[in-house]
Every structure is written in structure tokens, then in C-alpha cells.
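Novice: Handing you this structure, nothing more for now.
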Amino acid sequence: MKIVKHEFDSMQHRIIPLFLSSVLTQCTFLFFFSFVGKFDKPDSGSILTGYSGIVGLSGTVTMCVVSVYGAVWASKAIVQSYTGFGKNQTFLLPIKRSILFYSKLLALCLIVGSAEFIGMLLACATFIVSNILLDLVIGSLLEYWLLSIQISIIMVCVSVSVILISIFVGIYRSSSAATLICSVILVVVASNAIALLSTSYTSLMVIFAILLVLIVGEAGKLLGRQLENLDSE
């Protein structure tokens, strides 16, 4: 745990930027989609007339922003430590390579996950209070709050998974640029999948997020074992 704490301390300066990115993006698009939904009739079937559609779409945009921003940061904070000269320095440290690698990933997950989750919930709480005054969306406040928590957890899982997969690809390809390219591609795929599931099969979003986390976990274990046998350059 000391290693995780050390890595967390070295990365914690990114908490505020990630938090601000999350809360500002989520808040902006919550109000944007709700105002757009005001032009649709309640019985039109538009996803912008209900809480689930608005929270889902705004959460998807937030996920995209956090994922790309997180990948840019991770390419410098982690990927560069396992490519080129940075790999030589990392491998000389008196600690098992896989343990150090997992500690870096865990610290990153804690920072990204907490910043995005708190930021999204704060934005949703702000929207709830504003909706009482502005009457933007008709619905139960309890329903909206429960949906907000559910969507926030799902988006955090997807964001962290996208960032981690991008890190794995960057390390495997020994390229920081590959990390960024992979994150953009994954964001496009994930956002389209979430948008499709949120309109028809909301419960499948949970399954999608869980499967993504499991896949990332197995990929991380595999890469950690490979790093143990990797030679310095």
C-alpha cells in the first residue's frame, strides 16, 4: 500500500483538473439537453424529455472528455515510464515490476474514478436544484437521483477502462501517440454503444460496463506478467 500511496501522491495534482472537467462538462450538457428537450412534446418519444435520456447523454459526453484527457495525462505519467529510456529507469527500481505497474494503475484508477464520480454527482445535484426552479424536466426527483448515481458509476467504469486499455496499447506499441489514438477510437466505439443501449436497453449498460472492467482486468494481469520478463533497452 505504501507504493500505491506514493504513486497516488505523485499523481494527485490531476484530481482538480479531472474534477473540473467532469463537473463542467456534465453540468453544461445536462442543461443543454434539457433545454433542447423543451422543444419536444412530452409524448413524442424523444429521449430528451425524460431524466434517463438527458443524464445518459450528458454522462456519455463527460465520459468522452475524461477518457481523452485521462489518456493524454496517462501517456506522460505511465506510458513514458515503460518506453524508451524511461523503461530503463523504471526497471532499475528495487521493486517487482508487476507490483509497481499495478500500483501505478490503481493510483490512476482512484484519481480518475473519484474525480469523475464526485464531479458528475455535483453537476447532477446542481441540475436537480435548478430544475425545481426552472421546471426543465418533469419527473420524480428520487428517480433522477438514483439514475444519476447509476449513470455516474457506469461512466466511471467505462472511462477508467478506456484509459487503461489505451495505456496497455501504448506500452505494448512503445508509443505515447498510440495511447492517444487508441483512446479516441475507444471513445467513439464506447459512446456509440452506450447511446444505443441507453435508448433501448438501459440495464444492458450495466452489463456492458462490468464486461469492460473484467476484460481490462485480465489484460492488465497479462501485461503485468509480460513486464516481468521484458528486457531493458
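FYI, nothing fancy with the C-alpha cells labels: chains A, B, ... in order, residues from 1 per chain, ligands from 1 as they appear.
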For Lys104 in chain A, work out the shell of residues within 10 Å, counting only C-alpha atoms and skipping chain neighbours fewer than 3 positions away, then give it as a ChimeraX atom specification.
Specialist: /A:3-8,10-11,74,77-78,98-101,107-109
Novice: Could you save the residues just selected, with C-alpha atoms, as a PDB file, in the first residue's frame?
Specialist:
```pdb
ATOM      1  CA  ILE A   3       3.775   2.063  -3.159  1.00  0.00           C
ATOM      2  CA  VAL A   4       0.190   2.864  -4.117  1.00  0.00           C
ATOM      3  CA  LYS A   5       0.219   5.856  -1.769  1.00  0.00           C
ATOM      4  CA  HIS A   6       3.485   7.073  -3.267  1.00  0.00           C
ATOM      5  CA  GLU A   7       2.095   6.806  -6.797  1.00  0.00           C
ATOM      6  CA  PHE A   8      -1.154   8.437  -5.700  1.00  0.00           C
ATOM      7  CA  SER A  10       2.740  11.839  -7.358  1.00  0.00           C
ATOM      8  CA  MET A  11      -0.455  11.949  -9.454  1.00  0.00           C
ATOM      9  CA  ALA A  74      -1.537   8.747 -18.606  1.00  0.00           C
ATOM     10  CA  ALA A  77       2.538   9.667 -16.247  1.00  0.00           C
ATOM     11  CA  ILE A  78       2.676   5.939 -17.010  1.00  0.00           C
ATOM     12  CA  SER A  98       4.392  -6.071 -11.887  1.00  0.00           C
ATOM     13  CA  ILE A  99       3.762  -4.686  -8.391  1.00  0.00           C
ATOM     14  CA  LEU A 100       4.965  -1.238  -9.437  1.00  0.00           C
ATOM     15  CA  PHE A 101       2.879  -1.411 -12.612  1.00  0.00           C
ATOM     16  CA  ALA A 107      -3.466   5.057  -8.192  1.00  0.00           C
ATOM     17  CA  LEU A 108      -4.647   6.310 -11.584  1.00  0.00           C
ATOM     18  CA  CYS A 109      -7.982   4.500 -11.214  1.00  0.00           C
TER      19      CYS A 109
END
```
Novice: Find the spatial neighbours of Ser161 in chain A, counting only C-alpha atoms, within a cut-off of 10 Å - ignore same-chain residues fewer than 5 positions away - and output them as a PyMOL selection string.
Specialist: chain A and resi 67+109+155-156+166-167+183+186+209+212-217
Novice: Using only C-alpha atoms, which of A:Leu227, A:Ala71, A:Ser114, A:Arg97 sits nearest Ile181 in chain A?
Specialist: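 So, comparing all the options, the nearest one is A:Ala71.
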Novice: Between A:Phe117, A:Phe208, A:Phe29, A:Tyr51, which one has atoms that come closest to Ile153 in chain A, using only C-alpha atoms?
Specialist: A:Phe117
Novice: What does the distance between CA of Thr83 in chain A and CA of Ser174 in chain A come to in Å, to one decimal place?
Specialist: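 These two atoms are separated by 5.1 Å.
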Novice: Write out as a PDB file with C-alpha atoms, in the first residue's frame the residues lying within 12 Å of Ala125 in chain A, counting only C-alpha atoms and excluding same-chain residues fewer than 2 positions away.
Specialist:
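The resulting file, part_27.pdb, is reproduced below:
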```pdb
ATOM      1  CA  VAL A  23     -18.441  18.793 -13.324  1.00  0.00           C
ATOM      2  CA  GLN A  26     -21.729  17.226 -17.120  1.00  0.00           C
ATOM      3  CA  CYS A  27     -23.419  20.411 -15.942  1.00  0.00           C
ATOM      4  CA  LEU A  30     -27.380  18.492 -18.633  1.00  0.00           C
ATOM      5  CA  VAL A  55     -28.488  12.029 -17.811  1.00  0.00           C
ATOM      6  CA  ILE A 118     -17.853  13.334  -7.478  1.00  0.00           C
ATOM      7  CA  GLY A 119     -17.843  15.818 -10.351  1.00  0.00           C
ATOM      8  CA  MET A 120     -20.768  14.151 -12.098  1.00  0.00           C
ATOM      9  CA  LEU A 121     -22.812  13.886  -8.905  1.00  0.00           C
ATOM     10  CA  LEU A 122     -22.181  17.536  -8.056  1.00  0.00           C
ATOM     11  CA  ALA A 123     -23.327  18.544 -11.536  1.00  0.00           C
ATOM     12  CA  PHE A 127     -29.281  20.389 -12.038  1.00  0.00           C
ATOM     13  CA  ILE A 128     -31.782  18.988  -9.528  1.00  0.00           C
ATOM     14  CA  VAL A 129     -31.888  22.265  -7.608  1.00  0.00           C
ATOM     15  CA  SER A 130     -32.149  24.274 -10.828  1.00  0.00           C
ATOM     16  CA  ASN A 131     -34.891  22.021 -12.165  1.00  0.00           C
ATOM     17  CA  ILE A 132     -37.049  22.776  -9.123  1.00  0.00           C
ATOM     18  CA  LEU A 141     -36.509  13.734  -8.015  1.00  0.00           C
ATOM     19  CA  LEU A 142     -35.765  10.394  -6.378  1.00  0.00           C
ATOM     20  CA  TYR A 144     -33.481  11.305 -11.181  1.00  0.00           C
ATOM     21  CA  TRP A 145     -31.042  10.999  -8.285  1.00  0.00           C
ATOM     22  CA  LEU A 146     -30.937   7.197  -8.476  1.00  0.00           C
ATOM     23  CA  LEU A 147     -30.391   7.400 -12.231  1.00  0.00           C
ATOM     24  CA  SER A 148     -27.626   9.933 -11.688  1.00  0.00           C
ATOM     25  CA  ILE A 149     -25.781   7.606  -9.325  1.00  0.00           C
TER      26      ILE A 149
END
```
Novice: Quick one: residues within 9 Å of Val169 in chain A, only C-alpha atoms, excluding same-chain residues fewer than 4 positions away - as a list in words?
Specialist: Leu164, Ile165, Arg173, Ser174, Ser175, Ala178, Thr179 and Cys182 of chain A
Novice: From the set A:Gln226, A:Ala219, A:Val158, A:Thr28, which residue has the shortest atom-to-atom contact distance to Ile207 in chain A, counting only C-alpha atoms?
Specialist: A:Val158
Novice: Taking the DSSP secondary structure from the backbone, can you list the residues of chain A that are alpha helix (DSSP H), as a PyMOL selection string?
Specialist: chain A and resi 2-11+15-37+51-77+84-91+97-134+141-173+176-200+202-228
Novice: Which one is closest to Ile154 in chain A: A:Val206, A:Leu196, A:Val188, A:Val112? Count only C-alpha atoms.
Specialist: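 Checking each candidate against Ile154 in chain A, we get A:Val206 as the closest.
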